[in-house]
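Below: one structure, written as structure tokens.
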Amino acid sequence: MNKASARNTLETYPPASIDTPLANTAQCDASSTSSNSQYGKGGHSGRGGRGQVRRGGRGGCFPQPVILSVPALASNTSCNFPAIFNFGDSNTDTGADSAAFSLVTPPYGEYFFHMPAGRPSDGRLTIDFMAERFRLPNLSAYLDSLGTNFSHGANFAVSGATIRPSDRSRIGRGPSPFYLDVQVSHTGGIYTNLLPKEEFFGQALYTFDIGQNDIGLGLFSNQSLAKIKADIPDVISKLSMNIQAVYGLGGRSFWIHNTGPIGCFAYILTNFPVCNASDIDKAGCATPYNEVSQYFNQKLKEAVVKIRKQLPLAAITYVDIYSVKYLLMSQPQDFGFQQPLVACCGFGGKYNFSNTARCGQTVVVDGKRTFIGSCANPSVRVNWDGSHLTEAANKFIVDKIVTGKFSDPPISLQNACNRDASSA
């Protein structure tokens, strides 16, 4: 698989089963790493940041703001958020892409839901576990109009979503048209009567987990690593503008994930193998691609510092999810996991991943139709399908990040409505 044929693949999950012969994996392409040296990833009263807001006149999901005079708290008060609004990509997509583009098929969802549940995993995602921490129901995908419940928030995340818009088509696993601007500005008037209580908007937690596809899109578009890195400041600027837009609509509590170690995922390692042994770290991850993720995270953290000064009433928590994911991928045995870089559900190659033989598909192998199903025990595996994590890995990540040990400021998820004076 060379770059030209690989470029149609982002981190989205596969469509319904197809019959297709297996293809060879990518060969080491010196041009893919030639630029390695050029780059460094219920209305509770008395709670802070809970100004009253009203619904927008266009039937939109977000309200138009009125006077917002109450800041996020500067104490260590437990927040008990009545609602969560999430923005992101497939890392937190609870059914949007499945409803709008490609229906999720077995074995997705088999571990927890015992059936496909719109999620690109064998079970729950990080956003599911985060909602459970507040005893909230799993967030319904905003694009899914069947049987949805928005009484405690909404999930705008869509698989394949980027921060910046792209002119590439969604066909062939390209980026989603529901990039971050669209997610934040979504109107969707048909849901007006299903949304949370008006006061919930100012009291809610607003979570962001997006950016991995902006890096991946650059790779699959044959851009040099130097070019991808050069675009990151503009990507971060677009993310900052959307955070400010949500603040203008009444949001006061923000929980912002940085991006993970993209060089540890099978879909990257397979499509863009590095040629030099020195570019593979002790965990088996591709250092050049992880360094791009780290640069993204550096610029994101710098932007968060600036945003805090611009939005003095907000509580903004920067969450280093990269470090937690890398910890799991580099030291899996310490936490009861195995083979972190190898897909649990996949077929072929070093990483059990192929662009033409994906999880849930039916392929032809030696003249026989073969269904690509799950590994024997997903509960001890990290990587689900080459692009996404297992439920077990997602739970591990949330158990770590909710403590505040990987946050700046070091505030737990339960206290994310509180400002930290030292971070202002």
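Lettering and numbering for the structure tokens are positional, with chains as A, B, ... in the shown order, residues counted from 1 in each chain, and ligands counted from 1 in the shown order.
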Env of Asn213 in chain A: 12 Å cut, atoms = only C-alpha atoms, seq-sep filter 6 positions within chain, self excluded. Answer as a JSON list (two decimals) with all heavy atoms, in the first residue's frame.
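Below is the file that was written, result_36.json:
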[["chain", "number", "residue", "atom", "x", "y", "z"],
["A", 9, "THR", "N", -7.82, 6.80, 3.62],
["A", 9, "THR", "CA", -8.11, 6.21, 4.92],
["A", 9, "THR", "C", -7.83, 7.19, 6.04],
["A", 9, "THR", "O", -6.72, 7.64, 6.21],
["A", 9, "THR", "CB", -7.24, 4.96, 5.14],
["A", 9, "THR", "OG1", -7.42, 4.07, 4.05],
["A", 9, "THR", "CG2", -7.63, 4.26, 6.43],
["A", 10, "LEU", "N", -8.88, 7.52, 6.82],
["A", 10, "LEU", "CA", -8.70, 8.28, 8.05],
["A", 10, "LEU", "C", -8.98, 7.33, 9.20],
["A", 10, "LEU", "O", -8.96, 6.12, 9.06],
["A", 10, "LEU", "CB", -9.62, 9.50, 8.06],
["A", 10, "LEU", "CG", -9.07, 10.71, 7.29],
["A", 10, "LEU", "CD1", -10.08, 11.84, 7.35],
["A", 10, "LEU", "CD2", -7.75, 11.17, 7.84],
["A", 11, "GLU", "N", -9.25, 7.86, 10.39],
["A", 11, "GLU", "CA", -9.43, 7.00, 11.54],
["A", 11, "GLU", "C", -10.87, 6.53, 11.70],
["A", 11, "GLU", "O", -11.25, 6.11, 12.77],
["A", 11, "GLU", "CB", -8.95, 7.71, 12.81],
["A", 11, "GLU", "CG", -9.40, 9.15, 12.94],
["A", 11, "GLU", "CD", -10.78, 9.31, 13.51],
["A", 11, "GLU", "OE1", -11.77, 8.89, 12.88],
["A", 11, "GLU", "OE2", -10.89, 9.87, 14.58],
["A", 12, "THR", "N", -11.65, 6.60, 10.65],
["A", 12, "THR", "CA", -13.04, 6.15, 10.74],
["A", 12, "THR", "C", -13.11, 4.65, 10.69],
["A", 12, "THR", "O", -12.19, 3.96, 10.29],
["A", 12, "THR", "CB", -13.87, 6.74, 9.59],
["A", 12, "THR", "OG1", -13.24, 6.39, 8.36],
["A", 12, "THR", "CG2", -13.93, 8.24, 9.69],
["A", 41, "LYS", "N", 1.63, 17.31, 18.85],
["A", 41, "LYS", "CA", 0.54, 16.70, 18.96],
["A", 41, "LYS", "C", -0.16, 17.61, 20.06],
["A", 41, "LYS", "O", 0.31, 18.49, 20.61],
["A", 41, "LYS", "CB", 0.18, 15.35, 19.45],
["A", 41, "LYS", "CG", -1.34, 14.76, 19.71],
["A", 41, "LYS", "CD", -1.92, 13.71, 20.31],
["A", 41, "LYS", "CE", -2.80, 13.16, 20.92],
["A", 41, "LYS", "NZ", -3.65, 12.95, 21.54],
["A", 88, "GLY", "N", -16.04, 16.58, 19.05],
["A", 88, "GLY", "CA", -14.88, 15.75, 18.78],
["A", 88, "GLY", "C", -14.97, 14.91, 17.52],
["A", 88, "GLY", "O", -15.76, 15.18, 16.62],
["A", 89, "ASP", "N", -14.14, 13.87, 17.51],
["A", 89, "ASP", "CA", -14.06, 12.96, 16.37],
["A", 89, "ASP", "C", -14.45, 11.55, 16.83],
["A", 89, "ASP", "O", -15.21, 11.40, 17.78],
["A", 89, "ASP", "CB", -12.65, 13.00, 15.77],
["A", 89, "ASP", "CG", -11.56, 12.80, 16.82],
["A", 89, "ASP", "OD1", -11.80, 12.07, 17.81],
["A", 89, "ASP", "OD2", -10.44, 13.34, 16.66],
["A", 90, "SER", "N", -13.91, 10.53, 16.19],
["A", 90, "SER", "CA", -14.34, 9.17, 16.51],
["A", 90, "SER", "C", -13.94, 8.72, 17.90],
["A", 90, "SER", "O", -14.50, 7.76, 18.42],
["A", 90, "SER", "CB", -13.78, 8.18, 15.48],
["A", 90, "SER", "OG", -12.37, 8.13, 15.54],
["A", 91, "ASN", "N", -12.99, 9.39, 18.52],
["A", 91, "ASN", "CA", -12.62, 9.03, 19.89],
["A", 91, "ASN", "C", -13.81, 9.14, 20.85],
["A", 91, "ASN", "O", -13.85, 8.48, 21.88],
["A", 91, "ASN", "CB", -11.47, 9.92, 20.39],
["A", 91, "ASN", "CG", -10.16, 9.58, 19.70],
["A", 91, "ASN", "OD1", -9.81, 8.42, 19.55],
["A", 91, "ASN", "ND2", -9.43, 10.60, 19.28],
["A", 158, "VAL", "N", -18.24, 13.54, 15.63],
["A", 158, "VAL", "CA", -18.48, 12.73, 14.44],
["A", 158, "VAL", "C", -17.15, 12.12, 14.00],
["A", 158, "VAL", "O", -16.13, 12.81, 13.91],
["A", 158, "VAL", "CB", -19.06, 13.56, 13.28],
["A", 158, "VAL", "CG1", -19.40, 12.66, 12.10],
["A", 158, "VAL", "CG2", -20.28, 14.35, 13.72],
["A", 159, "SER", "N", -17.16, 10.84, 13.72],
["A", 159, "SER", "CA", -15.95, 10.17, 13.26],
["A", 159, "SER", "C", -15.42, 10.85, 12.00],
["A", 159, "SER", "O", -16.18, 11.22, 11.11],
["A", 159, "SER", "CB", -16.23, 8.70, 12.98],
["A", 159, "SER", "OG", -16.56, 8.02, 14.16],
["A", 160, "GLY", "N", -14.11, 10.99, 11.94],
["A", 160, "GLY", "CA", -13.49, 11.64, 10.79],
["A", 160, "GLY", "C", -13.47, 13.14, 10.86],
["A", 160, "GLY", "O", -12.94, 13.80, 9.96],
["A", 161, "ALA", "N", -14.03, 13.72, 11.93],
["A", 161, "ALA", "CA", -14.10, 15.18, 12.04],
["A", 161, "ALA", "C", -12.72, 15.79, 12.27],
["A", 161, "ALA", "O", -11.87, 15.22, 12.97],
["A", 161, "ALA", "CB", -15.04, 15.58, 13.17],
["A", 162, "THR", "N", -12.52, 16.94, 11.70],
["A", 162, "THR", "CA", -11.30, 17.72, 11.88],
["A", 162, "THR", "C", -11.66, 19.06, 12.52],
["A", 162, "THR", "O", -12.83, 19.42, 12.63],
["A", 162, "THR", "CB", -10.62, 17.98, 10.52],
["A", 162, "THR", "OG1", -11.59, 18.56, 9.63],
["A", 162, "THR", "CG2", -10.10, 16.70, 9.92],
["A", 163, "ILE", "N", -10.64, 19.78, 12.94],
["A", 163, "ILE", "CA", -10.86, 21.13, 13.46],
["A", 163, "ILE", "C", -11.05, 22.09, 12.30],
["A", 163, "ILE", "O", -12.00, 22.87, 12.27],
["A", 163, "ILE", "CB", -9.68, 21.56, 14.34],
["A", 163, "ILE", "CG1", -9.60, 20.68, 15.60],
["A", 163, "ILE", "CG2", -9.82, 23.04, 14.74],
["A", 163, "ILE", "CD1", -8.37, 20.92, 16.45],
["A", 164, "ARG", "N", -10.17, 22.01, 11.32],
["A", 164, "ARG", "CA", -10.29, 22.85, 10.13],
["A", 164, "ARG", "C", -11.10, 22.12, 9.06],
["A", 164, "ARG", "O", -11.04, 20.91, 8.95],
["A", 164, "ARG", "CB", -8.91, 23.20, 9.58],
["A", 164, "ARG", "CG", -8.07, 24.06, 10.46],
["A", 164, "ARG", "CD", -6.95, 24.74, 9.68],
["A", 164, "ARG", "NE", -6.13, 23.80, 8.91],
["A", 164, "ARG", "CZ", -5.10, 24.15, 8.16],
["A", 164, "ARG", "NH1", -4.75, 25.43, 8.07],
["A", 164, "ARG", "NH2", -4.39, 23.25, 7.50],
["A", 165, "PRO", "N", -11.83, 22.87, 8.24],
["A", 165, "PRO", "CA", -12.57, 22.23, 7.15],
["A", 165, "PRO", "C", -11.62, 21.69, 6.10],
["A", 165, "PRO", "O", -10.47, 22.15, 5.96],
["A", 165, "PRO", "CB", -13.42, 23.38, 6.59],
["A", 165, "PRO", "CG", -12.67, 24.62, 6.95],
["A", 165, "PRO", "CD", -12.03, 24.33, 8.28],
["A", 166, "SER", "N", -12.09, 20.71, 5.35],
["A", 166, "SER", "CA", -11.29, 20.13, 4.27],
["A", 166, "SER", "C", -12.12, 20.10, 3.01],
["A", 166, "SER", "O", -13.35, 19.99, 3.05],
["A", 166, "SER", "CB", -10.86, 18.70, 4.65],
["A", 166, "SER", "OG", -10.28, 18.04, 3.53],
["A", 173, "ARG", "N", -13.67, 7.13, 3.00],
["A", 173, "ARG", "CA", -13.10, 7.35, 4.33],
["A", 173, "ARG", "C", -12.38, 8.69, 4.44],
["A", 173, "ARG", "O", -11.43, 8.83, 5.21],
["A", 173, "ARG", "CB", -12.14, 6.22, 4.71],
["A", 173, "ARG", "CG", -12.75, 4.85, 4.69],
["A", 173, "ARG", "CD", -11.74, 3.82, 5.19],
["A", 173, "ARG", "NE", -12.17, 2.47, 4.93],
["A", 173, "ARG", "CZ", -13.04, 1.81, 5.69],
["A", 173, "ARG", "NH1", -13.56, 2.40, 6.74],
["A", 173, "ARG", "NH2", -13.39, 0.59, 5.38],
["A", 174, "GLY", "N", -12.79, 9.66, 3.70],
["A", 174, "GLY", "CA", -12.22, 10.98, 3.83],
["A", 174, "GLY", "C", -12.73, 11.67, 5.09],
["A", 174, "GLY", "O", -13.51, 11.09, 5.85],
["A", 175, "PRO", "N", -12.33, 12.92, 5.32],
["A", 175, "PRO", "CA", -12.75, 13.63, 6.52],
["A", 175, "PRO", "C", -14.24, 13.92, 6.53],
["A", 175, "PRO", "O", -14.88, 14.05, 5.49],
["A", 175, "PRO", "CB", -11.93, 14.92, 6.46],
["A", 175, "PRO", "CG", -11.64, 15.11, 5.00],
["A", 175, "PRO", "CD", -11.45, 13.73, 4.46],
["A", 176, "SER", "N", -14.80, 14.02, 7.72],
["A", 176, "SER", "CA", -16.22, 14.30, 7.87],
["A", 176, "SER", "C", -16.53, 15.75, 7.52],
["A", 176, "SER", "O", -15.74, 16.65, 7.82],
["A", 176, "SER", "CB", -16.67, 14.02, 9.30],
["A", 176, "SER", "OG", -17.99, 14.45, 9.52],
["A", 179, "TYR", "N", -16.98, 19.23, 10.55],
["A", 179, "TYR", "CA", -15.79, 19.71, 11.25],
["A", 179, "TYR", "C", -16.22, 20.59, 12.42],
["A", 179, "TYR", "O", -17.42, 20.83, 12.62],
["A", 179, "TYR", "CB", -14.85, 20.43, 10.28],
["A", 179, "TYR", "CG", -15.47, 21.60, 9.53],
["A", 179, "TYR", "CD1", -15.35, 22.91, 10.00],
["A", 179, "TYR", "CD2", -16.16, 21.40, 8.33],
["A", 179, "TYR", "CE1", -15.91, 23.97, 9.32],
["A", 179, "TYR", "CE2", -16.72, 22.46, 7.64],
["A", 179, "TYR", "CZ", -16.59, 23.73, 8.13],
["A", 179, "TYR", "OH", -17.16, 24.79, 7.46],
["A", 180, "LEU", "N", -15.27, 21.05, 13.20],
["A", 180, "LEU", "CA", -15.60, 21.65, 14.49],
["A", 180, "LEU", "C", -16.52, 22.86, 14.38],
["A", 180, "LEU", "O", -17.45, 23.02, 15.20],
["A", 180, "LEU", "CB", -14.32, 22.03, 15.24],
["A", 180, "LEU", "CG", -14.52, 22.49, 16.68],
["A", 180, "LEU", "CD1", -15.25, 21.46, 17.52],
["A", 180, "LEU", "CD2", -13.17, 22.83, 17.33],
["A", 219, "LEU", "N", -1.08, 13.56, 6.67],
["A", 219, "LEU", "CA", -0.32, 12.38, 6.25],
["A", 219, "LEU", "C", -0.96, 11.72, 5.04],
["A", 219, "LEU", "O", -0.29, 11.39, 4.06],
["A", 219, "LEU", "CB", -0.23, 11.38, 7.41],
["A", 219, "LEU", "CG", 0.64, 11.80, 8.60],
["A", 219, "LEU", "CD1", 0.48, 10.80, 9.74],
["A", 219, "LEU", "CD2", 2.10, 11.89, 8.19],
["A", 220, "PHE", "N", -2.28, 11.53, 5.09],
["A", 220, "PHE", "CA", -2.97, 10.86, 4.00],
["A", 220, "PHE", "C", -3.14, 11.75, 2.77],
["A", 220, "PHE", "O", -3.57, 11.28, 1.72],
["A", 220, "PHE", "CB", -4.32, 10.33, 4.47],
["A", 220, "PHE", "CG", -4.20, 9.12, 5.36],
["A", 220, "PHE", "CD1", -4.37, 9.23, 6.73],
["A", 220, "PHE", "CD2", -3.90, 7.88, 4.82],
["A", 220, "PHE", "CE1", -4.24, 8.12, 7.55],
["A", 220, "PHE", "CE2", -3.78, 6.77, 5.63],
["A", 220, "PHE", "CZ", -3.94, 6.88, 7.00],
["A", 221, "SER", "N", -2.77, 13.01, 2.90],
["A", 221, "SER", "CA", -2.77, 13.92, 1.75],
["A", 221, "SER", "C", -1.37, 14.11, 1.20],
["A", 221, "SER", "O", -1.12, 15.02, 0.40],
["A", 221, "SER", "CB", -3.35, 15.29, 2.16],
["A", 221, "SER", "OG", -4.69, 15.17, 2.58],
["A", 228, "ILE", "N", 2.75, 19.71, 7.81],
["A", 228, "ILE", "CA", 1.72, 19.43, 8.82],
["A", 228, "ILE", "C", 1.99, 20.24, 10.07],
["A", 228, "ILE", "O", 1.07, 20.84, 10.64],
["A", 228, "ILE", "CB", 1.70, 17.92, 9.15],
["A", 228, "ILE", "CG1", 1.31, 17.12, 7.91],
["A", 228, "ILE", "CG2", 0.73, 17.64, 10.29],
["A", 228, "ILE", "CD1", 1.45, 15.62, 8.08],
["A", 232, "ILE", "N", -0.23, 23.60, 12.12],
["A", 232, "ILE", "CA", -0.80, 23.39, 13.45],
["A", 232, "ILE", "C", -1.20, 24.68, 14.17],
["A", 232, "ILE", "O", -2.28, 24.74, 14.78],
["A", 232, "ILE", "CB", 0.15, 22.53, 14.31],
["A", 232, "ILE", "CG1", 0.07, 21.07, 13.83],
["A", 232, "ILE", "CG2", -0.18, 22.64, 15.80],
["A", 232, "ILE", "CD1", 1.01, 20.13, 14.52],
["A", 235, "VAL", "N", -4.57, 25.50, 13.00],
["A", 235, "VAL", "CA", -5.52, 24.53, 13.51],
["A", 235, "VAL", "C", -5.91, 24.88, 14.95],
["A", 235, "VAL", "O", -7.10, 24.90, 15.30],
["A", 235, "VAL", "CB", -4.94, 23.10, 13.45],
["A", 235, "VAL", "CG1", -5.86, 22.11, 14.16],
["A", 235, "VAL", "CG2", -4.71, 22.68, 12.00],
["A", 259, "THR", "N", -4.20, 15.81, 22.01],
["A", 259, "THR", "CA", -4.31, 14.68, 21.09],
["A", 259, "THR", "C", -3.35, 13.58, 21.47],
["A", 259, "THR", "O", -2.32, 13.81, 22.09],
["A", 259, "THR", "CB", -4.08, 15.14, 19.64],
["A", 259, "THR", "OG1", -4.57, 14.14, 18.73],
["A", 259, "THR", "CG2", -2.60, 15.38, 19.35],
["A", 260, "GLY", "N", -3.69, 12.36, 21.11],
["A", 260, "GLY", "CA", -2.92, 11.19, 21.53],
["A", 260, "GLY", "C", -1.71, 10.90, 20.65],
["A", 260, "GLY", "O", -1.46, 11.58, 19.65],
["A", 262, "ILE", "N", -0.28, 9.53, 17.92],
["A", 262, "ILE", "CA", -0.76, 8.98, 16.65],
["A", 262, "ILE", "C", 0.21, 7.95, 16.09],
["A", 262, "ILE", "O", -0.18, 7.04, 15.36],
["A", 262, "ILE", "CB", -1.02, 10.12, 15.64],
["A", 262, "ILE", "CG1", -1.84, 9.62, 14.46],
["A", 262, "ILE", "CG2", 0.28, 10.77, 15.19],
["A", 262, "ILE", "CD1", -2.32, 10.73, 13.53],
["A", 268, "ILE", "N", -1.59, 4.09, 11.26],
["A", 268, "ILE", "CA", -0.46, 4.94, 10.89],
["A", 268, "ILE", "C", 0.78, 4.09, 10.65],
["A", 268, "ILE", "O", 1.49, 4.25, 9.65],
["A", 268, "ILE", "CB", -0.20, 5.99, 11.98],
["A", 268, "ILE", "CG1", -1.38, 6.96, 12.08],
["A", 268, "ILE", "CG2", 1.10, 6.75, 11.70],
["A", 268, "ILE", "CD1", -1.62, 7.80, 10.84],
["A", 293, "SER", "N", 2.38, 15.11, 17.10],
["A", 293, "SER", "CA", 1.32, 15.18, 18.11],
["A", 293, "SER", "C", 1.76, 16.00, 19.30],
["A", 293, "SER", "O", 0.99, 16.80, 19.85],
["A", 293, "SER", "CB", 0.93, 13.76, 18.56],
["A", 293, "SER", "OG", 0.37, 13.01, 17.52],
["A", 296, "PHE", "N", 1.58, 19.63, 18.45],
["A", 296, "PHE", "CA", 0.17, 20.04, 18.52],
["A", 296, "PHE", "C", -0.21, 20.33, 19.97],
["A", 296, "PHE", "O", -0.83, 21.36, 20.28],
["A", 296, "PHE", "CB", -0.71, 18.92, 17.95],
["A", 296, "PHE", "CG", -2.19, 19.18, 18.01],
["A", 296, "PHE", "CD1", -2.88, 19.63, 16.90],
["A", 296, "PHE", "CD2", -2.91, 18.96, 19.18],
["A", 296, "PHE", "CE1", -4.25, 19.87, 16.96],
["A", 296, "PHE", "CE2", -4.27, 19.19, 19.25],
["A", 296, "PHE", "CZ", -4.94, 19.65, 18.13],
["A", 387, "SER", "N", -7.48, 1.80, 14.63],
["A", 387, "SER", "CA", -7.63, 3.26, 14.73],
["A", 387, "SER", "C", -8.19, 3.69, 16.07],
["A", 387, "SER", "O", -8.02, 4.86, 16.45],
["A", 387, "SER", "CB", -8.58, 3.76, 13.63],
["A", 387, "SER", "OG", -8.19, 3.32, 12.36]]
- [ ] Tell me which of A:Ser102, A:Thr317, A:Ser121, A:Thr94 sits closest to Leu389 in chain A, counting only C-alpha atoms.
- [x] A:Ser121
- [ ] With a distance cut-off of 7 Å and only C-alpha atoms, select the neighbouring residues of range 153-155 of chain A, excluding the residue or stretch itself and same-chain residues fewer than 3 positions from it, and output the selection as an MDAnalysis selection string.
- [x] chainID A and resid 83:87 139:142 150 196
Selection file, C-alpha atoms, as a compact mmCIF listing (two decimals), in the first residue's frame:
# COMPACT_ATOMS: atom_id res chain seq x y z
CA ALA A 83 -25.46 18.04 31.35
CA ILE A 84 -22.44 17.47 29.11
CA PHE A 85 -21.95 18.82 25.59
CA ASN A 86 -19.16 17.10 23.70
CA PHE A 87 -17.31 18.06 20.51
CA LEU A 139 -24.72 11.01 25.59
CA SER A 140 -26.89 10.69 22.50
CA ALA A 141 -25.36 11.58 19.16
CA TYR A 142 -26.85 14.82 17.88
CA PHE A 150 -30.94 15.08 24.99
CA PRO A 196 -32.10 20.13 28.45
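Using only C-alpha atoms for every distance, the candidate list A:Ile321, A:Ala343, A:Thr287, A:Arg135 yields A:Ile321 as the residue closest to Ser407 in chain A.
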Identify, on the basis of only C-alpha atoms, every residue whose closest approach to range 307-311 of chain A does not exceed 10 Å; exclude the query and any residue fewer than 5 positions from it along the same chain; express the result as a CSV table (one decimal) with all heavy atoms, in the first residue's frame.
chain,number,residue,atom,x,y,z
A,71,PRO,N,-19.1,34.0,37.8
A,71,PRO,CA,-18.0,33.3,37.2
A,71,PRO,C,-17.9,31.9,37.7
A,71,PRO,O,-18.6,31.5,38.6
A,71,PRO,CB,-16.8,34.1,37.7
A,71,PRO,CG,-17.2,34.6,39.1
A,71,PRO,CD,-18.7,34.9,38.9
A,240,SER,N,-9.4,27.4,19.3
A,240,SER,CA,-9.6,28.5,20.2
A,240,SER,C,-10.8,29.3,19.9
A,240,SER,O,-11.6,29.7,20.8
A,240,SER,CB,-8.3,29.4,20.2
A,240,SER,OG,-7.2,28.7,20.6
A,241,MET,N,-11.0,29.6,18.7
A,241,MET,CA,-12.2,30.4,18.3
A,241,MET,C,-13.5,29.7,18.6
A,241,MET,O,-14.5,30.3,19.0
A,241,MET,CB,-12.1,30.7,16.8
A,241,MET,CG,-11.0,31.6,16.3
A,241,MET,SD,-10.9,31.8,14.5
A,241,MET,CE,-12.5,32.4,14.1
A,243,ILE,N,-13.9,27.5,21.1
A,243,ILE,CA,-14.1,27.5,22.5
A,243,ILE,C,-14.6,28.9,23.0
A,243,ILE,O,-15.5,29.0,23.8
A,243,ILE,CB,-12.7,27.3,23.2
A,243,ILE,CG1,-12.3,25.8,23.0
A,243,ILE,CG2,-12.8,27.5,24.7
A,243,ILE,CD1,-10.8,25.5,23.4
A,244,GLN,N,-14.1,29.9,22.4
A,244,GLN,CA,-14.6,31.3,22.6
A,244,GLN,C,-16.1,31.4,22.2
A,244,GLN,O,-16.9,32.1,22.9
A,244,GLN,CB,-13.8,32.3,21.9
A,244,GLN,CG,-12.3,32.4,22.5
A,244,GLN,CD,-11.4,33.2,21.7
A,244,GLN,OE1,-11.6,33.4,20.5
A,244,GLN,NE2,-10.4,33.8,22.3
A,247,TYR,N,-18.2,29.8,24.8
A,247,TYR,CA,-18.2,30.7,26.0
A,247,TYR,C,-19.2,31.8,25.7
A,247,TYR,O,-20.0,32.2,26.6
A,247,TYR,CB,-16.8,31.3,26.2
A,247,TYR,CG,-16.7,32.3,27.3
A,247,TYR,CD1,-16.4,31.8,28.6
A,247,TYR,CD2,-16.8,33.7,27.1
A,247,TYR,CE1,-16.3,32.7,29.7
A,247,TYR,CE2,-16.7,34.6,28.1
A,247,TYR,CZ,-16.4,34.1,29.4
A,247,TYR,OH,-16.2,35.0,30.5
A,248,GLY,N,-19.2,32.4,24.5
A,248,GLY,CA,-20.2,33.4,24.2
A,248,GLY,C,-21.6,33.0,24.3
A,248,GLY,O,-22.5,33.8,24.5
A,252,ARG,N,-19.3,27.8,30.6
A,252,ARG,CA,-18.3,28.3,31.5
A,252,ARG,C,-17.3,27.2,32.0
A,252,ARG,O,-16.3,27.6,32.6
A,252,ARG,CB,-19.1,28.9,32.8
A,252,ARG,CG,-19.8,30.2,32.5
A,252,ARG,CD,-18.8,31.3,32.1
A,252,ARG,NE,-19.4,32.6,31.8
A,252,ARG,CZ,-19.7,32.9,30.5
A,252,ARG,NH1,-19.5,32.1,29.5
A,252,ARG,NH2,-20.2,34.1,30.3
A,301,LYS,N,-1.7,23.8,24.5
A,301,LYS,CA,-1.5,24.3,25.9
A,301,LYS,C,-1.2,25.7,26.0
A,301,LYS,O,-1.7,26.5,26.9
A,301,LYS,CB,-0.4,23.5,26.6
A,301,LYS,CG,-0.3,23.7,28.1
A,301,LYS,CD,0.6,22.7,28.8
A,301,LYS,CE,0.6,22.8,30.3
A,301,LYS,NZ,1.5,21.9,30.9
A,302,GLU,N,-0.4,26.2,25.1
A,302,GLU,CA,-0.1,27.7,25.0
A,302,GLU,C,-1.4,28.4,24.7
A,302,GLU,O,-1.6,29.5,25.3
A,302,GLU,CB,0.9,28.0,23.9
A,302,GLU,CG,2.3,27.4,24.3
A,302,GLU,CD,3.3,27.6,23.1
A,302,GLU,OE1,2.8,28.1,22.0
A,302,GLU,OE2,4.5,27.2,23.2
A,316,ILE,N,-11.2,26.4,32.7
A,316,ILE,CA,-10.7,25.7,31.5
A,316,ILE,C,-9.6,24.8,32.0
A,316,ILE,O,-8.6,25.2,32.4
A,316,ILE,CB,-10.2,26.7,30.5
A,316,ILE,CG1,-11.2,27.7,30.1
A,316,ILE,CG2,-9.7,25.9,29.2
A,316,ILE,CD1,-10.8,28.8,29.1
A,317,THR,N,-9.9,23.5,31.8
A,317,THR,CA,-8.9,22.4,32.2
A,317,THR,C,-8.3,21.8,31.0
A,317,THR,O,-9.0,21.3,30.1
A,317,THR,CB,-9.6,21.4,33.1
A,317,THR,OG1,-10.3,22.0,34.1
A,317,THR,CG2,-8.6,20.4,33.6
A,419,ARG,N,-12.3,27.4,38.9
A,419,ARG,CA,-11.1,28.0,38.4
A,419,ARG,C,-10.0,27.8,39.4
A,419,ARG,O,-10.2,27.8,40.6
A,419,ARG,CB,-11.3,29.5,38.2
A,419,ARG,CG,-12.2,29.8,37.0
A,419,ARG,CD,-12.4,31.3,36.8
A,419,ARG,NE,-13.1,31.9,38.0
A,419,ARG,CZ,-12.5,32.7,38.8
A,419,ARG,NH1,-11.2,33.0,38.7
A,419,ARG,NH2,-13.2,33.2,39.8
A,423,SER,N,-3.6,29.3,37.7
A,423,SER,CA,-3.6,29.1,36.3
A,423,SER,C,-4.1,30.3,35.5
A,423,SER,O,-4.0,30.3,34.3
A,423,SER,CB,-4.4,27.9,35.9
A,423,SER,OG,-5.8,28.1,36.1
A,424,ALA,N,-4.6,31.3,36.2
A,424,ALA,CA,-5.2,32.5,35.5
A,424,ALA,C,-4.1,33.3,34.9
A,424,ALA,O,-2.9,33.3,35.4
A,424,ALA,CB,-6.0,33.2,36.4
Task: Exercise: Asp181 in chain A partners within 7 Å, only C-alpha atoms, chain neighbours under 3 positions left out, as a PyMOL selection string - done: chain A and resi 184-185+242
Open item on the list: List the spatial neighbours of Ala277 in chain A as a list of chain:residue names - criterion: any atom at most 12 Å away, only C-alpha atoms, same-chain residues fewer than 2 positions off excluded.
Closed with: A:Cys28, A:Thr33, A:Pro273, A:Val274, A:Cys275, A:Asp279, A:Ile280, A:Asp281, A:Lys282, A:Gly284, A:Cys285, A:Ala286, A:Thr287, A:Pro288
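Compared by their closest atoms to Leu341 in chain A, and using only C-alpha atoms, the residues A:His388, A:Arg124, A:Arg133, A:Lys197 rank with A:His388 nearest.
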Task: Pick from A:Asp399, A:Asp97, A:Asp366, A:Asp320 nearest to Asp209 in chain A, counting only C-alpha atoms - done: A:Asp320
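When only C-alpha atoms are used to measure the gap to Pro332 in chain A, the shortest distance among A:Leu300, A:Ala204, A:Cys375, A:Val382 belongs to A:Val382.
Here CA of Pro340 in chain A stands at a distance of 17.6 Å from CA of Asn271 in chain A.
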Open item on the list: What's the separation between CA of Arg119 in chain A and CA of Gln203 in chain A, in Å to one decimal place?
Closed with: 26.8 Å
Task: Point-to-point distance in Å for CA of Tyr351 in chain A and CA of Ala266 in chain A - done: 5.7 Å
